[in-house]
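Source file: target-v7.cif (mmCIF, C-alpha atoms)
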data_model
loop_
_atom_site.label_atom_id
_atom_site.label_comp_id
_atom_site.auth_asym_id
_atom_site.auth_seq_id
_atom_site.Cartn_x
_atom_site.Cartn_y
_atom_site.Cartn_z
CA MET A 1179 -67.69 -28.92 -4.89
CA ALA A 1180 -64.68 -30.55 -3.44
CA SER A 1181 -61.45 -28.54 -4.01
CA ARG A 1182 -58.77 -30.46 -5.80
CA LYS A 1183 -55.32 -30.03 -4.54
CA GLN A 1184 -53.11 -30.64 -7.53
CA LYS A 1185 -49.67 -31.90 -6.79
CA LEU A 1186 -46.99 -30.20 -8.87
CA THR A 1187 -44.90 -32.38 -11.10
CA LYS A 1188 -41.17 -32.32 -10.91
CA GLU A 1189 -41.08 -30.39 -14.15
CA GLU A 1190 -43.47 -27.74 -12.87
CA GLU A 1191 -41.48 -27.42 -9.69
CA LEU A 1192 -38.29 -26.93 -11.65
CA LEU A 1193 -39.95 -24.33 -13.86
CA LEU A 1194 -41.24 -22.43 -10.84
CA GLN A 1195 -37.81 -22.52 -9.31
CA ASP A 1196 -36.33 -21.38 -12.59
CA PHE A 1197 -38.47 -18.28 -12.92
CA SER A 1198 -38.41 -17.34 -9.28
CA ARG A 1199 -35.93 -14.84 -7.91
CA ASN A 1200 -35.85 -16.71 -4.62
CA VAL A 1201 -32.72 -18.63 -3.83
CA SER A 1202 -32.23 -21.76 -1.79
CA THR A 1203 -31.03 -21.59 1.81
CA LYS A 1204 -27.62 -22.83 0.75
CA SER A 1205 -27.29 -20.14 -1.94
CA SER A 1206 -28.56 -17.52 0.47
CA ALA A 1207 -25.95 -18.50 3.05
CA LEU A 1208 -23.28 -18.43 0.37
CA PHE A 1209 -24.38 -14.97 -0.79
CA TYR A 1210 -24.53 -13.45 2.68
CA GLY A 1211 -21.23 -15.01 3.68
CA ASN A 1212 -19.44 -13.67 0.61
CA SER A 1213 -21.05 -10.25 0.82
CA LEU A 1214 -20.01 -9.96 4.47
CA ILE A 1215 -16.39 -10.73 3.59
CA VAL A 1216 -16.38 -8.27 0.69
CA SER A 1217 -18.08 -5.57 2.78
CA ALA A 1218 -15.42 -6.04 5.47
CA ILE A 1219 -12.55 -5.32 3.05
CA PRO A 1220 -12.99 -1.49 3.21
CA LEU A 1221 -12.60 -1.72 7.01
CA TRP A 1222 -8.98 -2.75 6.60
CA LEU A 1223 -8.48 -0.11 3.90
CA PHE A 1224 -9.80 2.72 6.05
CA TRP A 1225 -8.11 1.51 9.21
CA ARG A 1226 -4.59 1.09 7.78
CA ILE A 1227 -4.50 3.56 4.87
CA HIS A 1228 -6.86 6.36 5.92
CA GLN A 1229 -5.82 5.95 9.58
CA MET A 1230 -9.29 5.57 11.10
CA ASP A 1231 -9.29 4.28 14.66
CA PRO A 1232 -11.27 0.98 14.72
CA TYR A 1233 -12.40 1.46 18.35
CA GLN A 1234 -13.67 5.00 17.90
CA SER A 1235 -15.35 4.22 14.58
CA GLY A 1236 -16.56 0.72 15.56
CA ILE A 1237 -20.27 1.53 15.49
CA LEU A 1238 -19.97 3.29 12.15
CA PHE A 1239 -18.04 0.33 10.74
CA ALA A 1240 -20.67 -2.13 11.98
CA ILE A 1241 -23.63 -0.18 10.55
CA MET A 1242 -22.07 0.43 7.15
CA THR A 1243 -20.83 -3.17 6.86
CA ALA A 1244 -24.35 -4.43 7.59
CA ILE A 1245 -25.92 -2.12 4.99
CA SER A 1246 -23.28 -3.03 2.44
CA THR A 1247 -23.73 -6.77 3.14
CA TYR A 1248 -27.45 -6.53 2.42
CA LEU A 1249 -27.03 -4.49 -0.78
CA VAL A 1250 -24.22 -6.66 -2.15
CA SER A 1251 -26.16 -9.88 -1.55
CA TYR A 1252 -29.16 -8.21 -3.24
CA ALA A 1253 -26.89 -7.56 -6.24
CA TYR A 1254 -25.66 -11.16 -6.19
CA ARG A 1255 -29.27 -12.44 -6.33
CA ASN A 1256 -30.27 -10.18 -9.20
CA VAL A 1257 -27.24 -10.88 -11.36
CA LYS A 1258 -27.54 -14.60 -10.70
CA PHE A 1259 -31.19 -14.59 -11.80
CA VAL A 1260 -30.38 -12.78 -15.05
CA LEU A 1261 -27.39 -14.97 -15.83
CA LYS A 1262 -28.95 -18.29 -14.95
CA HIS A 1263 -31.17 -18.48 -18.04
CA LYS A 1264 -28.39 -17.43 -20.36
CA VAL A 1265 -26.02 -19.97 -18.86
CA ALA A 1266 -28.67 -22.68 -19.13
CA VAL A 1267 -29.04 -22.00 -22.86
CA LYS A 1268 -25.29 -22.04 -23.40
CA ARG A 1269 -24.73 -25.27 -21.44
CA GLU A 1270 -27.84 -27.13 -22.63
CA GLU A 1271 -26.12 -29.09 -25.37
CA ALA A 1272 -23.21 -30.22 -23.26
CA VAL A 1273 -25.41 -31.20 -20.29
CA THR A 1274 -27.81 -33.13 -22.53
CA ARG A 1275 -24.94 -35.03 -24.10
CA GLU A 1276 -23.46 -35.89 -20.71
CA VAL A 1277 -26.73 -37.05 -19.16
CA MET A 1278 -27.73 -39.07 -22.25
CA LYS A 1279 -24.35 -40.79 -22.16
CA LYS A 1280 -25.04 -41.88 -18.56
CA VAL A 1281 -28.63 -43.07 -19.03
CA ALA A 1282 -28.38 -44.40 -22.59
CA ASP A 1283 -28.01 -48.02 -21.43
CA ASP A 1284 -30.86 -47.77 -18.92
CA LYS A 1285 -33.80 -49.32 -20.82
CA LYS A 1286 -36.15 -49.08 -17.84
CA MET A 1287 -36.08 -45.27 -17.81
CA SER A 1288 -38.80 -43.64 -19.89
CA LYS A 1289 -38.14 -40.70 -22.21
CA LYS A 1290 -40.05 -38.44 -19.86
CA GLU A 1291 -37.83 -39.42 -16.98
CA LYS A 1292 -34.71 -38.84 -19.07
CA ASP A 1293 -35.97 -35.39 -20.08
CA GLU A 1294 -36.68 -34.57 -16.46
CA ARG A 1295 -33.23 -35.65 -15.46
CA ILE A 1296 -31.67 -33.48 -18.21
CA LEU A 1297 -33.74 -30.50 -17.10
CA TRP A 1298 -32.77 -31.03 -13.47
CA LYS A 1299 -29.07 -31.33 -14.34
CA LYS A 1300 -29.23 -28.28 -16.59
CA ASN A 1301 -30.84 -26.32 -13.79
CA GLU A 1302 -28.22 -27.44 -11.31
CA VAL A 1303 -25.27 -26.55 -13.58
CA ALA A 1304 -26.79 -23.18 -14.54
CA ASP A 1305 -27.56 -22.41 -10.91
CA TYR A 1306 -24.02 -23.16 -9.76
CA GLU A 1307 -22.29 -21.33 -12.60
CA ALA A 1308 -24.57 -18.29 -12.33
CA THR A 1309 -24.04 -18.15 -8.56
CA THR A 1310 -20.25 -18.25 -8.74
CA PHE A 1311 -20.05 -15.87 -11.69
CA SER A 1312 -22.42 -13.41 -10.00
CA ILE A 1313 -20.22 -13.39 -6.90
CA PHE A 1314 -17.06 -12.88 -8.99
CA TYR A 1315 -18.50 -10.12 -11.16
CA ASN A 1316 -20.10 -8.19 -8.30
CA ASN A 1317 -16.99 -8.46 -6.09
CA ALA A 1318 -14.80 -7.07 -8.89
CA LEU A 1319 -17.19 -4.18 -9.52
CA TYR A 1320 -17.59 -3.41 -5.82
CA LEU A 1321 -13.82 -3.20 -5.28
CA VAL A 1322 -13.37 -0.92 -8.31
CA LEU A 1323 -16.11 1.40 -7.03
CA ILE A 1324 -14.68 1.46 -3.50
CA ILE A 1325 -11.15 2.27 -4.70
CA LEU A 1326 -12.31 4.98 -7.10
CA ALA A 1327 -14.60 6.56 -4.51
CA SER A 1328 -12.22 6.51 -1.53
CA PHE A 1329 -8.92 7.39 -3.28
CA TYR A 1330 -10.05 9.77 -5.98
CA VAL A 1331 -13.57 11.17 -5.71
CA LEU A 1332 -13.77 11.61 -1.93
CA ARG A 1333 -10.06 11.83 -1.04
CA SER A 1334 -10.22 15.38 0.34
CA LEU A 1335 -13.02 14.60 2.82
CA ASN A 1336 -12.71 13.60 6.46
CA PRO A 1337 -12.02 9.81 6.72
CA ASN A 1338 -15.34 9.09 8.49
CA VAL A 1339 -17.32 10.90 5.82
CA ASN A 1340 -15.17 9.30 3.12
CA TYR A 1341 -15.90 5.83 4.53
CA VAL A 1342 -19.67 6.32 4.81
CA LEU A 1343 -20.05 7.85 1.36
CA SER A 1344 -17.73 5.47 -0.48
CA VAL A 1345 -19.28 2.30 1.03
CA ALA A 1346 -22.80 3.62 0.55
CA SER A 1347 -22.19 4.70 -3.04
CA ALA A 1348 -20.29 1.53 -4.00
CA SER A 1349 -22.91 -0.85 -2.58
CA GLY A 1350 -25.77 1.36 -3.77
CA LEU A 1351 -24.45 1.55 -7.32
CA LEU A 1352 -23.80 -2.18 -7.31
CA ALA A 1353 -27.41 -2.86 -6.32
CA LEU A 1354 -28.60 -0.40 -8.96
CA PHE A 1355 -26.53 -1.89 -11.79
CA SER A 1356 -27.66 -5.40 -10.83
CA THR A 1357 -31.28 -4.51 -11.64
CA SER A 1358 -30.32 -4.17 -15.30
CA THR A 1359 -31.49 -7.03 -17.48
CA LYS A 1360 -28.64 -6.64 -19.97
CA MET B 1239 67.64 46.61 38.27
CA ALA B 1240 66.00 47.97 35.12
CA THR B 1241 68.18 45.66 33.04
CA SER B 1242 67.16 42.54 35.00
CA THR B 1243 63.46 43.53 34.65
CA LYS B 1244 63.94 43.92 30.93
CA MET B 1245 65.66 40.53 30.74
CA LEU B 1246 62.80 38.88 32.66
CA ALA B 1247 60.17 40.43 30.36
CA LEU B 1248 62.08 39.21 27.29
CA ALA B 1249 62.36 35.69 28.75
CA ILE B 1250 58.62 35.58 29.44
CA LEU B 1251 57.89 36.77 25.91
CA ALA B 1252 60.14 34.06 24.49
CA VAL B 1253 58.51 31.29 26.54
CA LEU B 1254 54.92 32.54 26.12
CA PRO B 1255 54.34 31.12 22.61
CA VAL B 1256 55.43 27.69 23.86
CA LEU B 1257 53.10 27.91 26.88
CA MET B 1258 50.23 29.16 24.75
CA LYS B 1259 50.69 26.54 22.04
CA ALA B 1260 47.40 24.78 21.13
CA SER B 1261 46.99 21.07 21.90
CA THR B 1262 47.63 18.91 18.89
CA CYS B 1263 46.91 15.28 18.15
CA ILE B 1264 49.71 13.11 16.82
CA GLY B 1265 48.90 9.88 14.97
CA PRO B 1266 45.12 9.96 15.48
CA GLN B 1267 43.17 6.72 15.40
CA VAL B 1268 39.69 7.56 14.20
CA THR B 1269 36.47 5.59 14.24
CA SER B 1270 33.55 7.29 12.57
CA ASN B 1271 29.79 6.87 12.44
CA VAL B 1272 27.87 8.58 9.70
CA TYR B 1273 24.16 9.25 9.15
CA THR B 1274 22.63 10.86 6.07
CA THR B 1275 18.96 11.43 5.19
CA SER B 1276 17.63 8.59 3.05
CA GLU B 1277 14.03 9.62 2.43
CA ALA B 1278 12.99 12.94 0.93
CA SER B 1279 9.22 12.48 1.06
CA MET B 1280 9.00 13.12 4.82
CA SER B 1281 11.77 15.74 5.13
CA ILE B 1282 12.43 19.18 3.61
CA SER B 1283 16.25 19.01 3.73
CA THR B 1284 19.05 16.48 3.73
CA VAL B 1285 20.92 16.16 7.02
CA PHE B 1286 24.44 14.81 7.48
CA VAL B 1287 25.66 13.78 10.93
CA VAL B 1288 29.25 12.67 11.47
CA GLU B 1289 30.36 11.23 14.79
CA VAL B 1290 34.05 10.56 15.35
CA ALA B 1291 35.94 8.97 18.21
CA VAL B 1292 39.57 10.14 18.21
CA LYS B 1293 42.45 8.51 20.05
CA CYS B 1294 45.78 10.29 19.85
CA ASN B 1295 49.12 8.47 20.07
CA ASN B 1296 50.52 11.29 22.18
CA GLY B 1297 47.67 10.82 24.65
CA GLU B 1298 46.25 14.27 23.94
CA LYS B 1299 42.72 14.53 25.31
CA ASP B 1300 41.97 18.25 25.33
CA LEU B 1301 41.32 18.57 21.65
CA LEU B 1302 39.52 21.34 19.92
CA LEU B 1303 38.43 20.23 16.47
CA PHE B 1304 37.04 22.07 13.48
CA ALA B 1305 35.54 20.51 10.41
CA ASP B 1306 35.64 21.77 6.84
CA VAL B 1307 32.08 21.20 5.63
CA ASN B 1308 31.53 22.18 2.01
CA GLY B 1309 34.04 24.98 2.27
CA HIS B 1310 32.75 26.22 5.65
CA MET B 1311 34.67 25.75 8.86
CA VAL B 1312 32.41 24.63 11.70
CA PRO B 1313 33.42 23.68 15.25
CA ALA B 1314 32.97 20.03 16.17
CA THR B 1315 30.78 19.53 19.24
CA GLN B 1316 32.35 17.36 21.90
CA SER B 1317 29.92 14.64 22.95
CA GLY B 1318 32.25 12.73 25.26
CA THR B 1319 35.94 12.18 25.94
CA GLY B 1320 37.55 11.94 22.54
CA LYS B 1321 34.14 11.96 20.83
CA PHE B 1322 33.07 14.71 18.48
CA GLN B 1323 30.05 15.39 16.33
CA VAL B 1324 29.54 17.54 13.27
CA SER B 1325 26.24 18.01 11.47
CA TRP B 1326 24.97 20.12 8.63
CA SER B 1327 21.92 20.26 6.39
CA ASP B 1328 20.87 21.74 3.10
CA GLU B 1329 18.22 21.32 0.39
CA HIS B 1330 18.00 17.87 -1.14
CA LYS B 1331 19.22 18.98 -4.56
CA LYS B 1332 22.24 20.77 -3.09
CA LEU B 1333 23.43 17.55 -1.41
CA PRO B 1334 23.15 14.92 -4.14
CA ALA B 1335 24.38 11.34 -3.88
CA GLY B 1336 28.16 10.97 -3.68
CA THR B 1337 31.12 10.90 -1.34
CA TYR B 1338 31.84 13.99 0.76
CA GLY B 1339 35.28 14.37 2.33
CA VAL B 1340 35.09 16.09 5.71
CA ARG B 1341 38.48 17.42 6.80
CA PHE B 1342 39.11 17.81 10.51
CA PHE B 1343 41.58 20.36 11.83
CA ASP B 1344 42.92 21.27 15.20
CA GLU B 1345 43.23 24.90 16.25
CA GLU B 1346 46.48 25.37 14.40
CA GLY B 1347 45.08 23.97 11.19
CA TYR B 1348 41.91 26.04 11.60
CA ASN B 1349 43.95 29.22 11.90
CA ALA B 1350 46.04 28.25 8.87
CA VAL B 1351 42.91 27.65 6.77
CA ARG B 1352 41.45 30.98 7.88
CA LYS B 1353 44.66 32.72 6.96
CA GLU B 1354 44.70 31.14 3.51
CA LYS B 1355 41.06 32.03 2.90
CA ARG B 1356 41.73 35.64 3.87
CA SER B 1357 44.48 35.72 1.32
CA GLY B 1358 42.06 34.50 -1.37
CA THR B 1359 42.72 30.76 -1.60
CA ASP B 1360 40.37 27.95 -0.55
CA GLY B 1361 42.59 26.52 2.18
CA SER B 1362 42.95 23.16 0.48
CA THR B 1363 46.71 23.13 0.87
CA VAL B 1364 46.44 22.87 4.67
CA THR B 1365 46.85 19.27 5.84
CA PRO B 1366 44.02 18.12 8.12
CA ILE B 1367 44.55 15.93 11.18
CA PHE B 1368 42.27 13.36 9.56
CA THR B 1369 39.56 13.15 6.92
CA VAL B 1370 36.28 11.27 7.14
CA ASN B 1371 34.64 10.21 3.86
CA VAL B 1372 30.87 10.46 4.07
CA LYS B 1373 29.09 8.29 1.55
CA HIS B 1374 25.62 9.60 0.74
CA SER B 1375 23.50 7.29 -1.38
CA GLY B 1376 20.95 9.97 -2.15
CA THR B 1377 17.38 10.41 -0.99
CA TRP B 1378 14.35 8.44 -2.05
CA THR B 1379 11.60 10.73 -3.31
CA GLY B 1380 8.84 8.14 -3.38
CA PRO B 1381 7.62 5.66 -5.99
CA TYR B 1382 7.35 6.73 -9.62
CA VAL B 1383 3.77 5.51 -9.68
CA GLN B 1384 1.44 5.89 -6.69
CA THR B 1385 0.26 2.64 -5.11
CA GLU B 1386 -3.42 3.60 -5.32
CA PHE B 1387 -3.01 4.08 -9.05
CA VAL B 1388 -1.57 0.57 -9.40
CA ALA B 1389 -4.38 -0.84 -7.23
CA THR B 1390 -6.98 0.97 -9.36
CA CYS B 1391 -5.49 -0.36 -12.60
CA VAL B 1392 -5.42 -3.94 -11.32
CA ALA B 1393 -9.00 -3.70 -10.03
CA LEU B 1394 -10.19 -2.20 -13.35
CA LEU B 1395 -8.42 -4.94 -15.30
CA VAL B 1396 -10.07 -7.70 -13.25
CA TRP B 1397 -13.48 -6.04 -13.58
CA TYR B 1398 -13.02 -5.62 -17.33
CA MET B 1399 -12.28 -9.36 -17.70
CA ALA B 1400 -15.40 -10.14 -15.67
CA TYR B 1401 -17.44 -7.73 -17.80
CA ARG B 1402 -16.26 -9.34 -21.02
CA SER B 1403 -17.18 -12.81 -19.73
CA LYS B 1404 -20.59 -11.54 -18.69
CA SER B 1405 -21.17 -9.94 -22.09
CA PHE B 1406 -20.25 -13.23 -23.73
CA LEU B 1407 -22.70 -15.13 -21.52
CA MET B 1408 -25.47 -12.60 -22.14
CA SER B 1409 -25.02 -12.67 -25.91
#
Encoded form using structure tokens:
Amino acid sequence: MASRKQKLTKEEELLLQDFSRNVSTKSSALFYGNSLIVSAIPLWLFWRIHQMDPYQSGILFAIMTAISTYLVSYAYRNVKFVLKHKVAVKREEAVTREVMKKVADDKKMSKKEKDERILWKKNEVADYEATTFSIFYNNALYLVLIILASFYVLRSLNPNVNYVLSVASASGLLALFSTSTK
Amino acid sequence: MATSTKMLALAILAVLPVLMKASTCIGPQVTSNVYTTSEASMSISTVFVVEVAVKCNNGEKDLLLFADVNGHMVPATQSGTGKFQVSWSDEHKKLPAGTYGVRFFDEEGYNAVRKEKRSGTDGSTVTPIFTVNVKHSGTWTGPYVQTEFVATCVALLVWYMAYRSKSFLMS
């Protein structure tokens, strides 16, 4: 029996992409770039406010920034995945109206093609909005957790210990909260 | 012989007060430099430092000055020819903001003030050589609200706005 290799339709591809937690290379680069910048913010805080020497604590800074970058981008991905579907539902009407307005005069396009185009546009808008909102929300939460941990909870500890624990707890909690589906 | 010896002793006694008279400054021209503590968060007491450069019209250089600091007479340290320095410190609340008049006396004035104080008065009737007005604008005790508290509030506000938007999207 010859094996049939079925080619996926555009719709099936979009659906797979929709329900997958994987992100595109562009989104991945955006996530890692942003998470690196956000993870680097506590470096300035601990260097200038808590008076940690950047040369003496360089290795510690590098390790914790790397760990935090990974955990924050993990949080970005999770929150984006959860939000994307909700955003798609909210924007469906507006996107449909906009796309139909553009293709209404095109008589050559079949209904199936128009539906595919709407689905693709809806996916693109939801993807973009979910990505940017995920970055905004997670950055805000990360900064709140860092400030609370370093200035209040762990203020009496040695600056090195304060730095490790506050970055680890902030990024860890962020990753944990991002796994929530609500 | 005994009479001439007696006459000589009397003459010396009459001249002695003139010879022993303290140097005094007539028509002093004073330039002053004043420093007072401005920040209370890093210091436990307020310090006043007054530097004066005195030039006398009578050319007097060998001055010995005393300053009346809050009712206490303290000697002024000579830091150069015609330059003197007086400093004192106390708790922040005992030296509040305001203008403090520091009266400077020569030896004669110092003795007069001491004499008046011994007799029970405060010595304010004695005229100083000059007075320096020290303006103290008070000490800063730090912000009313700590900066980390402000930063926390701003961060919480931003997060709360993001949380509300997320809740709206998830509804």
- Please identify every residue of chain B that has at least one atom no more than 10 Å from any atom of chain A, counting only C-alpha atoms, and report them as a ChimeraX atom specification. /B:1386-1387,1389-1401,1403-1409
- For Ser1328 of chain A, which residue among A:Glu1276, A:Asn1301, A:Thr1310, A:Leu1223 is the nearest when counting only C-alpha atoms? A:Leu1223
Taking the file as shown, what set of residues would the PyMOL selection byres ((chain B and resi 1280) around 12) give back, as a compact mmCIF listing (two decimals) with C-alpha atoms, in the coordinates of the input?
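Final output, expr35.txt:
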# COMPACT_ATOMS: atom_id res chain seq x y z
CA THR B 1275 18.96 11.43 5.19
CA SER B 1276 17.63 8.59 3.05
CA GLU B 1277 14.03 9.62 2.43
CA ALA B 1278 12.99 12.94 0.93
CA SER B 1279 9.22 12.48 1.06
CA SER B 1281 11.77 15.74 5.13
CA ILE B 1282 12.43 19.18 3.61
CA SER B 1283 16.25 19.01 3.73
CA THR B 1284 19.05 16.48 3.73
CA HIS B 1330 18.00 17.87 -1.14
CA THR B 1377 17.38 10.41 -0.99
CA TRP B 1378 14.35 8.44 -2.05
CA THR B 1379 11.60 10.73 -3.31
CA GLY B 1380 8.84 8.14 -3.38
- Can you tell me how far atom CA of Ser1325 of chain B sits from atom CA of Ser1375 of chain B, in Å to one decimal? 17.0 Å
- Check what the PyMOL selection byres ((chain B and resi 1292) around 10) selects in the file above and give those residues as a ChimeraX atom specification. /B:1263,1265-1270,1289-1291,1293-1295,1298-1299,1301,1319-1322,1368
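Residues matched by the PyMOL selection byres ((chain B and resi 1274) around 6) in this structure: Tyr1273, Thr1275, Val1285 and Phe1286 of chain B.
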Would you mind listing, for every residue of segment 1215-1254 of chain A within 8 Å of segment 1344-1354 of chain A, the two atoms forming the shortest contact and the distance between them in Å to one decimal, using only C-alpha atoms, sorted by chain and ascending residue number, as a tab-separated table?
residue	atom	partner	partner_atom	distance
A:Pro1220	CA	A:Val1345	CA	7.7
A:Met1242	CA	A:Val1345	CA	7.0
A:Ile1245	CA	A:Ala1346	CA	7.9
A:Ser1246	CA	A:Ser1349	CA	5.5
A:Leu1249	CA	A:Ser1349	CA	5.8
A:Val1250	CA	A:Ser1349	CA	6.0
A:Tyr1252	CA	A:Ala1353	CA	6.4
A:Ala1253	CA	A:Ala1353	CA	4.7
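Here the question is which of A:Ile1237, A:Val1303, A:Met1287, A:Ile1313 gets nearest to Val1273 of chain A using all atoms listed in the file, and that residue is A:Val1303.
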- When distances are computed from all atoms listed in the file, which of B:Val1388, B:Val1307, B:Val1340, B:Val1288 shows the smallest separation from Asp1328 of chain B? B:Val1307
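As for atom CA of Lys1300 of chain A and atom CA of Leu1214 of chain A, they are spaced 29.4 Å apart.
Between atom CA of Ile1227 of chain A and atom CA of Pro1381 of chain B the separation is 16.4 Å.
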